[in-house]
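Read through the structure below, which is laid out as structure tokens, and then see the notes.
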Amino acid sequence: MLIDYRYEFGDDVFFGGMGQVLNCNDLVLERPVAIKFMPGDVNRRRMNDEISALFKMRSKNVVQVYDVLEFKGEVGIVMEYISGNDLFHIHTAPVSSSEYIKLLWQIASGIADIHEVRIIHRDIKPNNMKIDPEGLVKIFDFGLSRDAVDGAATLGFVGTHGFAAPELYGYSVRFTPAIDTYAFGATALYIGARDLPNELTVHPPLPLLLNYFQRLAWPLTQDVAETLLSCLNPDPLLRPAMSYVRDVLAKHLLQGRHRALVVYNSKPSFLDASNRSVLLDLPNLGSVEITYDDFDFVVTATSGQVFVNNRAVYVGFKLPGACVVALGGTEHGARRRYITFDLSHPEIVL
Amino acid sequence: MIDMLRPGVMIGNRYEIERYLAEGGMQYVFVARDTYTDRKVALKTPKNKSAEKRFQRSAIVSAKVNHPNVAKTLDYLVFEERQFLVEELINGLDMRAALLNDSAFIDPYLAAKVFHHLAKGVAAAHHVGVVHRDLKPTNIMVVGDYSLTEIKVTDFGIAKMAAEEMVAAVEGGEESLTTSQTAVGALPYMAPEAIETPRSVGTSADIWSLGAMMYHLLTGDYPFGQGLNAVPKIINAVQPLPPAFLLSNPQFAPLAVELIQIARECMSKDPRNRPTADQLVDKFSNLCYSVAVRARGTVESFLYNAYGYISSEGGRVFFHKECVYGTLPKVGESVLFSCYDGGGAPRALPVVKLR
């Protein structure tokens with residue numbers, strides 16, 4: 001069967017119906033595509049705002065849409081086809097906390113990108129994400145068809161049990177980005193524990209009895225575990241924005257990987273995870289100890305007069321990205337000493 | 001210019017031409033609006049008969065590569081006997097216009113970022129068996145000025161056609177090598193085997209080109225010069241000596257040394273001695289470099305031959321001469337810089353003189 005004169009589908013039978021996805025071969029560009037069908041009329045050339053936003057969105061972690069077409073009375077959205085297993089599959093399970101955090105960071109980035117263009121995914125779950133051959137997480141299968149008629153509100157339950165937020169079990173439901181946040185939290189728990197706790201599998205789900213994120217096979221730092229737990233807060237207003245979740249995870253991707261280039265008297269040296277601390281001491285004028293704590297370069301002791309970029313320092317002061325440490329006050333003129341610090345870290349490029 | 005492609009013309013009942021954008025040796029590029037999806041796209045169409053012959057093939061080749069650091073192929077169509085490739089529209093400039101026009105070179109942090117992203121895009125292409133063959137600054141798109149919010153390789157498909165023109169130019173000898181528009185732009189970045197045995201170049205030719213571009217961006221010089229004089233130097237892979245400023249400043253030397261070392265490995269005469277794209281990605285993902293945004297400003301003062309202030313839209317910024325990569329800018333000259341929190345005024349690092 002040939003769809004729209006170019007997309008070849010292995011079967012001749014087209015059932016149609018809500019949300020059917022067909023894997024086809026584009027004969028023009030000779031590449032596989034996935035076409036998602038939903039009721040609608042593309043000939044009017046006026047799609048709802050949500051589909052139009054999807055076409056304009058650019059996200060590394062959301063499946064790319066190529067085209068839109070009409071076939072047998074339904075609208076088809078032509079998307080890139082991602083080979084490989086989805087995140088429900090055991091083969092995609094992370095094997096270390098750093099892999100786990102990188103995976104969650106990509107998912108959170110994709111959902112944050114979706115929310116930024118004011119779309120709500122509505123069906124976030126491990127089955128709706130794949131890892132492409134280049135290692136990028138791609139979120140797909142938006143719950144688009146569900147609001148074709150009545151905007152953002154719907155009657156009765158929609159979603160996937162175990163991942164659907166408790167407020168979706170009401171009679172008249174208004175969708176908010178917080179339902180995606182909740183589903184992200186459940187997805188994160190599933191990917192880490194390979195199962196959902198009983199609290200999440202009842203309808204509607206109940207508050208978690210304990211922080212299961214602290215009981216995964218690998219340890220998570222407390223702030224990551226708490227941020228992930230907060231995504232599952234029964235109160236949608238108390239769940240964090242996905243951009244916040246993304247940033248917390250991004251910070252931990254670089255844990256222990258920062259470096260400070262220290263230049264004194266034109267001689268460079270480095271501070272990093274293998275050489276964490278330096279004591280800069282100019283007797284009688286000023287002294288400061290700077291220590292790398294896995295995230296920041298922090299003043300851990302100081303006495304006398306010490307300035308960083310012309311500001312007096314204190315214990316707990318975090319060095320800015322590029323700075324000069326001056327030992328001694330301005331009144332000491334040529335007796336002052338200057339040491340520069342340039343901070344950097346590897347860039348995570350997907 | 002082609003008459004039929006005026007603003008307002010509808011291509012294939014779907015793409016409405018908005019404006020002419022650019023042209024390369026092989027094709028014209030227009031900005032169009034996809035009336036089905038209401039998004040802006042780049043519409044590419046062949047410029048001459050030889051480009052026409054391979055245009056659909058080139059679209060198919062570029063459609064195979066799917067990575068954030070490669071421009072996405074969206075559609076291909078024929079309308080009134082003219083072929084069109086529809087590509088994601090990148091709101092930026094090509095790398096030569098973006099990074100080598102206002103400045104002679106870029107600082108090592110920026111260079112590390114550029115080539116980390118390029119290595120990723122090229123690796124994705126090599127994974128699906130696609131060799132670019134014509135990597136040069138004008139085939140790379142940069143978004144966000146020197147802050148580099150996006151870096152994308154384009155024209156993967158078209159490069160094969162360009163490669164054929166280059167084969168013709170190379171086999172035509174010295175004269176055609178310096179008259180073919182396509183060959184002239186590519187020559188400074190071409191691998192020895194692309195000149196000696198142009199019909200059999202593999203993925204490692206792309207690696208050489210990455211190394212040659214990296215050398216150019218970091219130093220401001222073509223590694224082997226331009227034009228005919230470059231040919232024997234490329235063929236013998238005579239490694240260039242980087243200018244002194246690269247290594248003279250302890251603030252930048254550690255990273256500059258690492259980058260020059262990578263560039264040299266990429267420009268090994270024997271393709272087998274060059275790193276693979278995956279190995280390059282690995283090297284870059286372990287490098288530490290700052291990704292702070294860049295701003296433009298003017299040197300307002302310079303005191304005691306040691307420090308001064310830059311005036312910029314964001315306010316007044318302190319700089320020390322040790323924070324300058326390359327030539328020290330004079331008062332009144334334009335500079336590019338990143339700035340960091342400081343008392344009295346923020347502090348700039350790195351500072352690079354603009355033309």
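Chain lettering (A, B, ...) mirrors the order of the structure tokens, residue numbering begins at 1 for each chain separately, and ligand numbering begins at 1 in order of display.
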
What's the 7 Å shell around stretch 310-312 of chain B, counting only C-alpha atoms, without same-chain residues fewer than 5 positions away, as a compact mmCIF listing (two decimals) with N, CA, C and O atoms, in the first residue's frame?
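Saved as result_29.txt:
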```
# COMPACT_ATOMS: atom_id res chain seq x y z
N ARG B 296 30.52 41.48 22.37
CA ARG B 296 31.42 42.37 21.65
C ARG B 296 31.53 43.68 22.38
O ARG B 296 30.58 44.13 23.02
N GLY B 297 32.68 44.32 22.31
CA GLY B 297 32.86 45.61 22.97
C GLY B 297 34.02 46.36 22.36
O GLY B 297 34.63 45.90 21.39
N THR B 298 34.33 47.52 22.94
CA THR B 298 35.42 48.36 22.44
C THR B 298 36.35 48.66 23.60
O THR B 298 35.90 48.97 24.71
N VAL B 299 37.66 48.58 23.34
CA VAL B 299 38.62 48.90 24.39
C VAL B 299 38.55 50.40 24.67
O VAL B 299 38.71 51.23 23.79
N GLU B 300 38.28 50.72 25.92
CA GLU B 300 38.01 52.10 26.31
C GLU B 300 39.29 52.71 26.88
O GLU B 300 39.57 53.89 26.69
N VAL B 317 33.71 46.54 31.45
CA VAL B 317 34.32 45.27 31.88
C VAL B 317 35.83 45.44 32.00
O VAL B 317 36.47 46.03 31.12
N PHE B 318 36.39 44.92 33.08
CA PHE B 318 37.83 44.98 33.33
C PHE B 318 38.54 43.90 32.53
O PHE B 318 38.04 42.78 32.40
```

Write out as a PDB file with N, CA and C atoms, in the first residue's frame each polymer residue whose atoms come within 9 Å of A:Ile77, counting only C-alpha atoms; drop sequence neighbours fewer than 5 positions from it.
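Writing the result to result.pdb gives the following:
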```
ATOM      1  N   ALA A  34       7.978   6.916  10.494  1.00  0.00           N
ATOM      2  CA  ALA A  34       6.825   6.442  11.260  1.00  0.00           C
ATOM      3  C   ALA A  34       5.708   7.449  11.025  1.00  0.00           C
ATOM      4  N   ILE A  35       4.533   6.957  10.674  1.00  0.00           N
ATOM      5  CA  ILE A  35       3.410   7.879  10.447  1.00  0.00           C
ATOM      6  C   ILE A  35       2.337   7.631  11.491  1.00  0.00           C
ATOM      7  N   LYS A  36       2.004   8.692  12.208  1.00  0.00           N
ATOM      8  CA  LYS A  36       0.959   8.579  13.222  1.00  0.00           C
ATOM      9  C   LYS A  36      -0.331   9.174  12.670  1.00  0.00           C
ATOM     10  N   PHE A  37      -1.390   8.388  12.722  1.00  0.00           N
ATOM     11  CA  PHE A  37      -2.668   8.846  12.177  1.00  0.00           C
ATOM     12  C   PHE A  37      -3.627   9.273  13.282  1.00  0.00           C
ATOM     13  N   MET A  38      -4.422  10.268  12.954  1.00  0.00           N
ATOM     14  CA  MET A  38      -5.447  10.737  13.898  1.00  0.00           C
ATOM     15  C   MET A  38      -6.556  11.392  13.084  1.00  0.00           C
ATOM     16  N   ILE A  51      -0.276  20.926  17.028  1.00  0.00           N
ATOM     17  CA  ILE A  51       0.469  20.244  15.969  1.00  0.00           C
ATOM     18  C   ILE A  51       1.424  21.232  15.317  1.00  0.00           C
ATOM     19  N   VAL A  65       9.685  15.777  13.268  1.00  0.00           N
ATOM     20  CA  VAL A  65       8.561  15.591  12.355  1.00  0.00           C
ATOM     21  C   VAL A  65       8.942  16.121  10.981  1.00  0.00           C
ATOM     22  N   TYR A  66       8.646  15.343   9.961  1.00  0.00           N
ATOM     23  CA  TYR A  66       9.030  15.699   8.597  1.00  0.00           C
ATOM     24  C   TYR A  66       7.876  16.299   7.794  1.00  0.00           C
ATOM     25  N   ASP A  67       6.696  15.743   7.977  1.00  0.00           N
ATOM     26  CA  ASP A  67       5.647  16.044   7.010  1.00  0.00           C
ATOM     27  C   ASP A  67       4.284  15.799   7.644  1.00  0.00           C
ATOM     28  N   VAL A  68       3.253  16.332   6.976  1.00  0.00           N
ATOM     29  CA  VAL A  68       1.890  16.065   7.408  1.00  0.00           C
ATOM     30  C   VAL A  68       1.100  15.723   6.151  1.00  0.00           C
ATOM     31  N   LEU A  69       0.192  14.756   6.248  1.00  0.00           N
ATOM     32  CA  LEU A  69      -0.553  14.353   5.046  1.00  0.00           C
ATOM     33  C   LEU A  69      -1.955  13.923   5.445  1.00  0.00           C
ATOM     34  N   GLU A  70      -2.803  13.702   4.416  1.00  0.00           N
ATOM     35  CA  GLU A  70      -4.133  13.176   4.702  1.00  0.00           C
ATOM     36  C   GLU A  70      -4.304  11.867   3.971  1.00  0.00           C
TER      37      GLU A  70
END
```

Identify every residue of chain A that has at least one atom within 6 Å of any atom of chain B, counting only C-alpha atoms, and report the result as a PyMOL selection string. chain A and resi 29+45+56+66+266+268+309-311+344-346

Would you mind listing what lies within 9 Å of A:Gly84 as a PyMOL selection string, with only C-alpha atoms counted and same-chain residues fewer than 5 positions away left out? chain A and resi 130-133

Atoms to include: N, CA, C and O atoms. Write the selected residues as a PDB file, in the first residue's frame.
```pdb
ATOM      1  N   LYS A 130      12.860   6.232  22.957  1.00  0.00           N
ATOM      2  CA  LYS A 130      13.845   5.287  22.439  1.00  0.00           C
ATOM      3  C   LYS A 130      15.217   5.937  22.474  1.00  0.00           C
ATOM      4  O   LYS A 130      15.321   7.168  22.517  1.00  0.00           O
ATOM      5  N   ILE A 131      16.246   5.097  22.435  1.00  0.00           N
ATOM      6  CA  ILE A 131      17.600   5.620  22.300  1.00  0.00           C
ATOM      7  C   ILE A 131      18.016   5.405  20.856  1.00  0.00           C
ATOM      8  O   ILE A 131      17.988   4.268  20.369  1.00  0.00           O
ATOM      9  N   ASP A 132      18.346   6.474  20.145  1.00  0.00           N
ATOM     10  CA  ASP A 132      18.659   6.328  18.722  1.00  0.00           C
ATOM     11  C   ASP A 132      20.085   5.789  18.561  1.00  0.00           C
ATOM     12  O   ASP A 132      20.826   5.671  19.538  1.00  0.00           O
ATOM     13  N   PRO A 133      20.461   5.444  17.337  1.00  0.00           N
ATOM     14  CA  PRO A 133      21.787   4.815  17.154  1.00  0.00           C
ATOM     15  C   PRO A 133      22.950   5.712  17.602  1.00  0.00           C
ATOM     16  O   PRO A 133      24.043   5.225  17.865  1.00  0.00           O
TER      17      PRO A 133
END
```

Distance query A:Met57 at most 8 Å, only C-alpha atoms, self and fewer than 5 positions along chain excluded, as a ChimeraX atom specification: /A:113-114,117

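Of the listed residues A:Leu249, A:Val28, A:Val324, A:Val21, the one whose atoms come nearest to A:Glu8 is A:Val28, with distances taken using only C-alpha atoms.
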
Within 7 Å of A:Val325 using only C-alpha atoms, minus same-chain residues under 2 positions, as a list in words: Phe307, Val308, Asn309, Cys323, Leu327, Tyr338, Ile339 and Thr340 of chain A

Residues just named, written with N, CA and C atoms as a tab-separated table (two decimals), in the first residue's frame:
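Output file part.tsv follows:
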```
chain	number	residue	atom	x	y	z
A	307	PHE	N	41.24	38.99	48.24
A	307	PHE	CA	40.18	39.46	47.35
A	307	PHE	C	40.09	38.58	46.11
A	308	VAL	N	38.85	38.34	45.67
A	308	VAL	CA	38.65	37.63	44.40
A	308	VAL	C	37.90	38.58	43.48
A	309	ASN	N	38.49	38.89	42.34
A	309	ASN	CA	37.92	39.90	41.44
A	309	ASN	C	37.48	41.14	42.23
A	323	CYS	N	38.77	34.34	37.44
A	323	CYS	CA	39.01	35.34	38.48
A	323	CYS	C	40.48	35.48	38.82
A	327	LEU	N	46.28	38.60	47.09
A	327	LEU	CA	46.66	38.46	48.50
A	327	LEU	C	47.22	39.80	48.95
A	338	TYR	N	49.19	38.16	42.89
A	338	TYR	CA	47.98	37.82	42.13
A	338	TYR	C	48.07	36.41	41.57
A	339	ILE	N	47.01	35.67	41.71
A	339	ILE	CA	46.94	34.31	41.16
A	339	ILE	C	45.63	34.23	40.36
A	340	THR	N	45.70	33.79	39.11
A	340	THR	CA	44.45	33.70	38.34
A	340	THR	C	43.90	32.27	38.38
```

Go ahead and compute the interatomic distance for atom CA of B:Phe319 and atom CA of B:Ser301, in Å to one decimal.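 Answer for the atom CA of B:Phe319 to atom CA of B:Ser301 separation: 9.8 Å.
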
Which residue is closest to A:Glu134? Choose from B:Ala125, B:Leu259, B:Val201, B:Met190 and count only C-alpha atoms. B:Ala125

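Note that the spacing between atom CA of A:Asp342 and atom CA of B:Val331 amounts to 25.2 Å.
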
I'd like the interatomic distance between atom CA of A:Asn127 and atom CA of A:Leu54, to a tenth of an Å.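 Going from atom CA of A:Asn127 over to atom CA of A:Leu54 covers 19.8 Å.
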
A:Ala241 environment, 12 Å, only C-alpha atoms, sequence neighbours closer than 4 positions dropped, as a PyMOL selection string: chain A and resi 108-109+111-116+176-182+184-185+227-228+230-231+236-237+245-248

If you run DSSP on the backbone, which residues of stretch 93-325 of chain B are strand (DSSP E or B), as a count of residues only? 33
